[in-house]
$ cat start_0.csv   # CSV, C-alpha atoms and all ligand atoms
chain,number,residue,atom,x,y,z
A,1,MET,CA,144.4,92.4,2.6
A,2,TRP,CA,144.3,96.1,3.3
A,3,LEU,CA,147.5,98.1,3.6
A,4,THR,CA,148.3,101.8,4.0
A,5,TRP,CA,149.6,103.3,0.8
A,6,ARG,CA,153.0,103.7,2.3
A,7,ASP,CA,153.3,100.0,3.1
A,8,ALA,CA,151.8,99.0,-0.2
A,9,MET,CA,154.2,101.2,-2.2
A,10,GLU,CA,157.2,100.0,-0.1
A,11,HIS,CA,156.4,96.4,-0.9
A,12,ALA,CA,155.4,96.9,-4.5
A,13,LEU,CA,158.5,98.9,-5.4
A,14,TYR,CA,161.2,97.5,-3.1
A,15,GLY,CA,159.9,94.3,-1.6
A,16,ASP,CA,160.9,90.8,-2.8
A,17,ASN,CA,160.9,91.0,-6.6
A,18,GLY,CA,159.6,94.6,-6.3
A,19,PHE,CA,159.3,96.8,-9.4
A,20,TYR,CA,162.6,98.6,-8.9
A,21,LEU,CA,164.6,95.5,-8.0
A,22,ARG,CA,163.4,93.8,-11.1
A,23,GLU,CA,162.9,96.4,-13.9
A,24,ARG,CA,165.0,98.9,-15.7
A,25,PRO,CA,163.4,102.3,-15.1
A,26,SER,CA,164.2,103.5,-18.6
A,27,GLY,CA,161.9,100.8,-20.0
A,28,HIS,CA,159.0,102.5,-18.3
A,29,PHE,CA,159.4,106.2,-18.3
A,30,ARG,CA,161.7,109.0,-19.5
A,31,THR,CA,163.7,111.2,-17.1
A,32,SER,CA,166.0,114.1,-17.8
A,33,VAL,CA,168.9,111.7,-17.4
A,34,GLY,CA,167.7,109.5,-20.2
A,35,ALA,CA,166.4,112.4,-22.3
A,36,SER,CA,169.9,113.7,-23.2
A,37,PRO,CA,173.6,113.7,-22.2
A,38,VAL,CA,173.2,117.5,-22.0
A,39,PHE,CA,171.7,116.9,-18.5
A,40,ALA,CA,174.9,115.1,-17.3
A,41,GLU,CA,177.0,118.0,-18.8
A,42,ALA,CA,174.9,120.5,-16.8
A,43,VAL,CA,175.4,118.5,-13.6
A,44,LEU,CA,179.1,118.4,-14.3
A,45,ARG,CA,179.1,122.3,-14.6
A,46,GLU,CA,177.4,122.4,-11.2
A,47,LEU,CA,180.0,120.0,-9.8
A,48,VAL,CA,182.8,122.2,-11.1
A,49,ALA,CA,181.3,125.2,-9.4
A,50,VAL,CA,181.0,123.3,-6.1
A,51,ASP,CA,184.6,122.1,-6.5
A,52,ASP,CA,185.8,125.7,-7.1
A,53,ALA,CA,183.8,126.9,-4.1
A,54,LEU,CA,185.4,124.2,-1.9
A,55,GLY,CA,188.9,125.1,-3.1
A,56,ALA,CA,189.5,122.0,-5.2
A,57,PRO,CA,189.9,119.5,-2.3
A,58,PRO,CA,192.0,116.3,-2.7
A,59,VAL,CA,188.7,114.3,-2.9
A,60,ILE,CA,185.5,115.7,-4.3
A,61,ASP,CA,182.3,113.7,-4.1
A,62,LEU,CA,179.5,113.3,-6.6
A,63,VAL,CA,176.7,111.3,-5.0
A,64,ASP,CA,173.8,110.3,-7.2
A,65,ILE,CA,170.8,109.2,-5.1
A,66,GLY,CA,168.2,107.1,-6.7
A,67,ALA,CA,170.9,106.4,-9.4
A,68,GLY,CA,168.8,103.8,-11.2
A,69,GLU,CA,170.8,102.5,-14.1
A,70,GLY,CA,173.8,104.7,-13.2
A,71,VAL,CA,173.6,106.7,-16.4
A,72,LEU,CA,174.0,110.1,-14.8
A,73,ALA,CA,176.9,109.0,-12.6
A,74,ALA,CA,178.7,107.4,-15.5
A,75,GLY,CA,178.0,110.4,-17.8
A,76,VAL,CA,179.5,112.9,-15.4
A,77,LEU,CA,182.5,110.7,-14.7
A,78,ALA,CA,183.2,110.3,-18.4
A,79,ALA,CA,182.9,114.0,-19.2
A,80,ALA,CA,184.9,115.3,-16.2
A,81,PRO,CA,188.2,117.0,-17.2
A,82,PRO,CA,191.4,115.2,-16.0
A,83,GLY,CA,192.2,117.6,-13.2
A,84,LEU,CA,188.8,116.9,-11.7
A,85,ARG,CA,188.5,113.3,-12.6
A,86,SER,CA,191.6,112.3,-10.7
A,87,ARG,CA,190.1,113.7,-7.5
A,88,LEU,CA,186.5,112.6,-8.2
A,89,ARG,CA,184.8,110.0,-6.0
A,90,VAL,CA,181.5,109.0,-7.6
A,91,THR,CA,178.9,107.1,-5.6
A,92,GLY,CA,175.6,105.7,-6.9
A,93,VAL,CA,173.0,105.1,-4.2
A,94,ASP,CA,170.1,102.9,-5.0
A,95,LEU,CA,168.1,100.0,-3.5
A,96,ALA,CA,168.4,98.3,-6.9
A,97,HIS,CA,171.4,96.1,-7.7
A,98,ARG,CA,174.6,97.6,-9.1
A,99,PRO,CA,174.0,98.0,-12.9
A,100,ALA,CA,176.1,95.8,-15.1
A,101,ARG,CA,178.8,97.6,-17.0
A,102,LEU,CA,179.0,100.5,-14.6
A,103,PRO,CA,182.6,101.8,-14.6
A,104,GLU,CA,184.6,100.2,-11.8
A,105,GLU,CA,185.5,103.4,-10.1
A,106,ILE,CA,181.9,104.2,-9.4
A,107,ARG,CA,180.9,103.0,-5.9
A,108,TRP,CA,177.4,101.6,-5.4
A,109,THR,CA,175.5,101.6,-2.1
A,110,ALA,CA,172.0,101.1,-0.8
A,111,SER,CA,172.0,104.0,1.6
A,112,VAL,CA,173.1,107.7,1.6
A,113,PRO,CA,176.8,107.8,2.7
A,114,ASP,CA,178.2,110.0,5.4
A,115,GLY,CA,181.0,112.5,5.1
A,116,ILE,CA,180.1,113.9,1.7
A,117,HIS,CA,182.3,116.8,0.4
A,118,GLY,CA,180.9,117.8,-2.9
A,119,LEU,CA,177.7,117.6,-4.9
A,120,VAL,CA,174.7,115.4,-4.2
A,121,ILE,CA,172.1,115.0,-7.0
A,122,ALA,CA,168.8,113.2,-6.6
A,123,ASN,CA,166.9,113.2,-9.9
A,124,GLU,CA,163.4,111.7,-9.6
A,125,TRP,CA,164.2,110.0,-6.3
A,126,LEU,CA,161.9,111.6,-3.8
A,127,ASP,CA,158.7,110.9,-5.8
A,128,ASN,CA,159.4,107.2,-5.4
A,129,VAL,CA,159.8,107.4,-1.6
A,130,PRO,CA,156.6,105.7,-0.3
A,131,VAL,CA,154.0,107.9,1.3
A,132,ASP,CA,150.7,107.5,3.0
A,133,VAL,CA,147.5,109.0,1.5
A,134,ALA,CA,144.9,110.8,3.6
A,135,GLU,CA,141.4,111.7,2.7
A,136,GLN,CA,139.4,114.5,4.4
A,137,THR,CA,136.1,113.5,6.0
A,138,ALA,CA,133.6,115.3,8.1
A,139,ASP,CA,135.6,114.1,11.1
A,140,GLY,CA,139.0,115.2,9.8
A,141,PRO,CA,141.7,113.3,7.8
A,142,ARG,CA,141.6,109.5,7.6
A,143,LEU,CA,144.2,107.2,6.1
A,144,VAL,CA,143.4,105.6,2.8
A,145,LEU,CA,143.9,101.8,2.7
A,146,VAL,CA,144.5,99.9,-0.5
A,147,ASP,CA,144.1,96.3,-1.6
A,148,PRO,CA,147.4,95.7,-3.4
A,149,SER,CA,146.0,93.0,-5.6
A,150,ASN,CA,143.5,95.3,-7.4
A,151,GLY,CA,144.0,98.9,-6.2
A,152,ALA,CA,140.6,99.0,-4.4
A,153,GLU,CA,140.5,101.5,-1.6
A,154,ARG,CA,138.7,102.2,1.7
A,155,LEU,CA,139.2,104.5,4.6
A,156,GLY,CA,141.2,103.5,7.7
A,157,ASP,CA,142.2,105.1,11.0
A,158,ARG,CA,143.1,108.7,11.7
A,159,PRO,CA,146.8,109.4,10.7
A,160,GLN,CA,149.2,109.5,13.6
A,161,ASP,CA,149.8,112.8,15.3
A,162,ALA,CA,153.1,113.6,13.5
A,163,ASP,CA,151.3,113.1,10.1
A,164,LEU,CA,148.3,115.2,11.2
A,165,ALA,CA,150.8,117.9,12.1
A,166,TRP,CA,152.5,117.6,8.7
A,167,LEU,CA,149.1,117.8,6.9
A,168,ALA,CA,148.1,120.9,8.9
A,169,ARG,CA,151.4,122.6,8.0
A,170,TRP,CA,152.1,121.5,4.5
A,171,TRP,CA,148.9,120.1,2.9
A,172,PRO,CA,145.8,121.4,4.7
A,173,MET,CA,142.7,119.8,3.2
A,174,ARG,CA,139.5,121.8,3.1
A,175,ALA,CA,136.5,119.9,1.7
A,176,ALA,CA,135.4,116.3,2.4
A,177,GLY,CA,136.8,114.1,-0.3
A,178,GLU,CA,140.0,116.0,-0.8
A,179,ARG,CA,143.1,113.8,-0.7
A,180,ALA,CA,146.7,114.5,0.3
A,181,GLU,CA,150.0,112.5,0.1
A,182,ILE,CA,151.7,112.8,3.5
A,183,GLY,CA,155.2,113.9,2.6
A,184,ARG,CA,156.9,113.3,6.0
A,185,PRO,CA,158.9,110.2,4.7
A,186,ARG,CA,160.3,112.4,1.9
A,187,ASP,CA,161.2,115.1,4.5
A,188,GLU,CA,163.1,112.4,6.5
A,189,ALA,CA,164.8,111.1,3.3
A,190,TRP,CA,166.0,114.5,2.4
A,191,THR,CA,167.1,115.2,6.0
A,192,SER,CA,169.4,112.1,5.7
A,193,VAL,CA,171.0,113.7,2.7
A,194,ILE,CA,171.7,117.0,4.3
A,195,ALA,CA,172.9,115.2,7.4
A,196,GLY,CA,175.4,113.2,5.2
A,197,LEU,CA,176.7,116.3,3.5
A,198,VAL,CA,179.6,117.8,5.3
A,199,ARG,CA,180.4,120.6,2.8
A,200,GLY,CA,178.9,121.2,-0.5
A,201,ARG,CA,175.6,121.3,-2.3
A,202,ALA,CA,172.6,118.9,-2.5
A,203,VAL,CA,170.1,119.1,-5.3
A,204,ALA,CA,166.7,117.3,-5.5
A,205,ILE,CA,164.9,117.4,-8.8
A,206,ASP,CA,161.3,116.3,-9.1
A,207,TYR,CA,157.7,116.9,-10.0
A,208,ALA,CA,156.7,119.3,-7.3
A,209,HIS,CA,153.9,121.4,-6.0
A,210,PRO,CA,153.9,124.4,-3.5
A,211,VAL,CA,151.9,124.6,-0.3
A,212,ASP,CA,149.5,127.2,-1.8
A,213,ASP,CA,148.7,125.1,-4.8
A,214,ARG,CA,148.5,121.5,-3.8
A,215,PRO,CA,146.3,119.3,-6.2
A,216,PRO,CA,143.0,118.7,-4.3
A,217,CYS,CA,142.9,115.0,-5.3
A,218,GLY,CA,146.6,114.2,-4.9
A,219,THR,CA,148.9,113.0,-7.6
A,220,LEU,CA,149.3,109.2,-7.1
A,221,ALA,CA,150.1,107.7,-10.5
A,222,GLY,CA,151.3,104.5,-12.1
A,223,TYR,CA,153.6,104.0,-15.1
A,224,ARG,CA,154.3,100.9,-17.1
A,225,ASP,CA,156.0,100.4,-20.5
A,226,GLY,CA,156.0,104.2,-21.2
A,227,ALA,CA,152.3,104.7,-20.4
A,228,ALA,CA,150.3,106.0,-17.5
A,229,VAL,CA,148.3,103.2,-15.8
A,230,ALA,CA,146.1,102.9,-12.7
A,231,PRO,CA,148.3,102.9,-9.6
A,232,VAL,CA,147.8,99.4,-8.5
A,233,PRO,CA,150.5,98.5,-6.0
A,234,ASP,CA,151.0,94.9,-7.1
A,235,GLY,CA,154.6,95.3,-8.3
A,236,SER,CA,153.7,95.4,-11.9
A,237,CYS,CA,154.1,99.2,-12.4
A,238,ASP,CA,156.0,102.2,-11.0
A,239,ILE,CA,154.0,104.1,-8.3
A,240,THR,CA,154.9,107.7,-7.9
A,241,ALA,CA,153.5,110.9,-6.3
A,242,HIS,CA,154.6,114.5,-6.8
A,243,VAL,CA,156.8,116.0,-4.1
A,244,ALA,CA,156.2,118.8,-1.6
A,245,LEU,CA,159.7,120.1,-2.2
A,246,ASP,CA,159.0,123.2,0.0
A,247,ALA,CA,158.4,120.8,3.0
A,248,CYS,CA,161.7,119.0,2.1
A,249,ALA,CA,163.4,122.4,2.0
A,250,ALA,CA,162.3,123.2,5.5
A,251,ALA,CA,163.4,119.8,6.7
A,252,GLY,CA,166.8,120.4,5.1
A,253,GLU,CA,167.2,123.7,6.9
A,254,ARG,CA,166.3,122.0,10.2
A,255,ALA,CA,169.0,119.4,9.4
A,256,GLY,CA,171.7,122.1,8.9
A,257,ALA,CA,171.4,123.5,5.4
A,258,VAL,CA,172.5,127.1,5.4
A,259,THR,CA,171.2,128.2,2.0
A,260,THR,CA,168.1,127.2,0.1
A,261,VAL,CA,167.1,127.9,-3.5
A,262,LEU,CA,163.8,126.4,-4.8
A,263,THR,CA,163.3,127.0,-8.5
A,264,THR,CA,162.4,125.2,-11.7
A,265,GLN,CA,164.5,123.0,-13.8
A,266,ARG,CA,164.1,125.6,-16.6
A,267,GLN,CA,165.6,128.3,-14.5
A,268,ALA,CA,168.3,126.1,-13.0
A,269,LEU,CA,169.4,124.7,-16.4
A,270,ARG,CA,169.4,128.1,-18.1
A,271,ALA,CA,171.7,129.3,-15.4
A,272,LEU,CA,174.0,126.4,-16.2
A,273,GLY,CA,174.1,127.3,-19.9
A,274,VAL,CA,171.3,125.1,-21.3
A,275,THR,CA,169.3,127.5,-23.4
A,276,GLY,CA,167.8,125.6,-26.3
A,277,ALA,CA,169.3,128.2,-28.7
A,278,ARG,CA,169.3,127.0,-32.3
A,279,PRO,CA,172.5,127.2,-34.4
A,280,PRO,CA,172.8,130.1,-36.9
A,281,VAL,CA,171.2,129.0,-40.3
A,282,GLU,CA,174.4,130.1,-42.1
A,283,GLN,CA,176.1,127.1,-40.5
A,284,ALA,CA,173.9,124.8,-42.5
A,285,ARG,CA,175.9,125.9,-45.6
A,286,SER,CA,179.4,126.2,-44.2
A,287,ASP,CA,179.3,123.1,-41.9
A,288,PRO,CA,176.2,121.0,-42.7
A,289,ARG,CA,177.2,118.1,-40.3
A,290,GLY,CA,178.0,120.4,-37.5
A,291,TYR,CA,174.8,122.3,-38.1
A,292,LEU,CA,172.8,119.1,-37.8
A,293,ARG,CA,174.6,118.1,-34.6
A,294,ALA,CA,173.9,121.5,-33.1
A,295,LEU,CA,170.3,121.4,-34.2
A,296,ALA,CA,169.8,118.0,-32.5
A,297,ARG,CA,171.5,119.3,-29.4
A,298,SER,CA,169.3,122.4,-29.3
A,299,SER,CA,166.1,120.3,-29.5
A,300,GLU,CA,167.4,118.1,-26.6
A,301,GLU,CA,168.1,121.2,-24.6
A,302,ALA,CA,164.6,122.5,-25.4
A,303,GLU,CA,163.1,119.3,-24.1
A,304,LEU,CA,165.0,119.6,-20.8
A,305,ILE,CA,163.8,123.2,-20.2
A,306,ALA,CA,160.2,123.0,-21.7
A,307,THR,CA,157.9,124.7,-19.2
A,308,GLU,CA,155.1,122.2,-19.7
A,309,GLY,CA,157.5,119.2,-19.4
A,310,LEU,CA,160.8,118.5,-17.7
A,311,GLY,CA,161.5,122.2,-17.4
A,312,GLY,CA,158.6,122.5,-15.0
A,313,PHE,CA,160.2,120.2,-12.5
A,314,GLY,CA,161.2,121.7,-9.1
A,315,TRP,CA,165.0,122.1,-8.3
A,316,LEU,CA,165.6,122.2,-4.6
A,317,SER,CA,169.3,123.3,-4.0
A,318,GLN,CA,170.7,123.5,-0.5
A,319,THR,CA,174.2,124.0,0.8
A,320,ARG,CA,175.8,122.8,4.0
A,321,LEU,CA,178.6,124.7,5.8
A,322,PRO,CA,179.9,127.8,4.0
A,323,VAL,CA,180.3,127.3,0.3
A,324,ALA,CA,181.3,130.6,-1.3
A,325,GLN,CA,179.4,131.3,-4.5
A,326,PRO,CA,181.6,130.9,-7.5
A,327,GLY,CA,182.8,134.3,-8.8
B,401,LIG,C1,162.5,107.2,-11.0
B,401,LIG,S1,164.0,106.3,-10.7
B,401,LIG,C2,165.1,107.6,-11.2
B,401,LIG,C3,166.4,107.0,-11.7
B,401,LIG,C4,167.4,108.1,-12.2
B,401,LIG,N1,167.8,109.0,-11.1
B,401,LIG,C5,166.9,108.9,-13.4
B,401,LIG,O1,166.7,110.0,-13.2
B,401,LIG,O2,166.8,108.3,-14.5
B,401,LIG,C6,164.0,106.3,-9.0
B,401,LIG,C7,165.1,105.5,-8.4
B,401,LIG,O3,165.2,105.7,-7.0
B,401,LIG,C8,165.5,104.5,-6.3
B,401,LIG,N2,165.1,104.6,-4.9
B,401,LIG,C9,163.9,104.9,-4.4
B,401,LIG,N3,164.0,104.9,-3.0
B,401,LIG,C10,165.2,104.7,-2.7
B,401,LIG,C11,165.9,104.7,-1.4
B,401,LIG,N4,165.3,104.9,-0.3
B,401,LIG,N5,167.3,104.5,-1.4
B,401,LIG,C12,167.9,104.4,-2.6
B,401,LIG,N6,167.3,104.4,-3.8
B,401,LIG,C13,166.0,104.6,-3.9
B,401,LIG,C14,164.7,103.5,-7.1
B,401,LIG,O4,165.2,102.2,-6.9
B,401,LIG,C15,164.9,104.0,-8.5
B,401,LIG,O5,166.0,103.4,-9.1
$ encode --input "start_0.csv" --output "structure tokens" --more "lines below"
Ligand SMILES: C[S@@+](CC[C@H](N)C(=O)[O-])C[C@H]1O[C@@H](n2cnc3c(N)ncnc32)[C@H](O)[C@@H]1O
Amino acid sequence: MWLTWRDAMEHALYGDNGFYLRERPSGHFRTSVGASPVFAEAVLRELVAVDDALGAPPVIDLVDIGAGEGVLAAGVLAAAPPGLRSRLRVTGVDLAHRPARLPEEIRWTASVPDGIHGLVIANEWLDNVPVDVAEQTADGPRLVLVDPSNGAERLGDRPQDADLAWLARWWPMRAAGERAEIGRPRDEAWTSVIAGLVRGRAVAIDYAHPVDDRPPCGTLAGYRDGAAVAPVPDGSCDITAHVALDACAAAGERAGAVTTVLTTQRQALRALGVTGARPPVEQARSDPRGYLRALARSSEEAELIATEGLGGFGWLSQTRLPVAQPG
């Protein structure tokens, strides 16, 4: 059976007994959310800034899209100061079932809600939105088909016109044999987020590449049990591909975003106070336990902002309707 990559990913990840409906993501790979609670603290700081900018409304949303095991949503809720917590409405959005032991006040849905006033955060969501793969031939781009049972590939038809237009604008291929992941479904997914946001900020965080530096062979990859594996879409492993966040940004603007910042996690987290600074050595003598705690925290911060690691992720941050920048 030959499928397009988009159909094969959809079935392998979210179909009956699909990878994400069956598995706990943290058993297979490490995200910023799982790396350290420092990440949730930084998201809380972003939420506080959005709340201030919105004038502390009676209800402020935190919507975590692709919430996985709910760790980020629960972490922000637990750390929120009382004056914010009493007004905070936290929603986890995931196709996976509601995690056990999630605090009761966290709502759980399978689709992006409407009427959001507050902060949307989507950490490593878009890279799991299924995409088609195209390969350049002497006659132009052709879809790549895959056999889900073993990952074997062959070429199929020309992509549909909308996908050809997307490729021409966002991922032009030059030489025969080059491959591209057609990011249009990610643009549409992000459009639904901006459309659901009435006032506030939406942030997508992911492995990303810019239009002038796309990888010539694409980025399709598989992960299982903490290791990279061949991306066979048989439901046994995660299937992921890096995100054309610049294309998502343009889609967000068409959907009504009024400001856009596209930066790295390193820059974004540093602006939120995550610096990786080590504690002063004198503290080792005056407060040895505090020193060890501070040292552990600084190494967690360093992991989150490491240029060659999580710090190299893209942060796409867009706002909807006027949100004054906090003073
Ligand atoms: C890589 S995990 C990230 C989990 C968590 N955000 C983290 O950073 O640890 C991606 C999650 O996105 C979810 N997901 C993918 N497509 C989705 C969609 N269209 N709607 C809701 N959730 C989706 C998957 O089920 C999975 O739990």
$ atom_distance --input "start_0.csv" --atom1 "atom CA of A:Ala78" --atom2 "atom CA of A:Val38"
12.8 Å
$ residues_near_ligand --input "start_0.csv" --ligand "ligand LIG 401 (chain B)" --cutoff "6 Å" --atoms "only C-alpha atoms and all ligand atoms" --output "list in words"
Tyr20, Pro25, Thr31, Val33, Gly34, Gly66, Ala67, Gly68, Val93, Asp94, Leu95, Ala96, Ala110, Ser111, Asn123, Glu124, Trp125, Asn128 and Val129 of chain A
$ residues_around --input "start_0.csv" --residues "stretch 275-279 of chain A" --least-positions-apart "6" --cutoff "7 Å" --atoms "only C-alpha atoms" --output "PyMOL selection string"
chain A and resi 291+294-295+298-299+301-302
$ residues_around --input "start_0.csv" --residues "A:Leu245" --least-positions-apart "2" --cutoff "8 Å" --atoms "only C-alpha atoms" --output "JSON, numbers by chain"
{"A": [208, 209, 210, 243, 247, 248, 249, 262, 314, 316]}
$ atom_distance --input "start_0.csv" --atom1 "atom CA of A:Pro113" --atom2 "atom CA of A:Ser192"
9.1 Å
$ closest_residue --input "start_0.csv" --among "A:Pro82, A:Gly118, A:Pro215, A:Gly70" --to "A:Glu104" --atoms "only C-alpha atoms"
A:Gly70
$ closest_residue --input "start_0.csv" --among "A:Ala195, A:Ala40, A:Val229, A:Met173" --to "A:Asp213" --atoms "all atoms listed in the file"
A:Met173
$ atom_distance --input "start_0.csv" --atom1 "atom CA of A:Phe29" --atom2 "atom CA of A:Pro103"
23.9 Å
$ closest_residue --input "start_0.csv" --among "A:Arg142, A:Arg201, A:His242, A:Arg289" --to "A:Gln318" --atoms "only C-alpha atoms"
A:Arg201
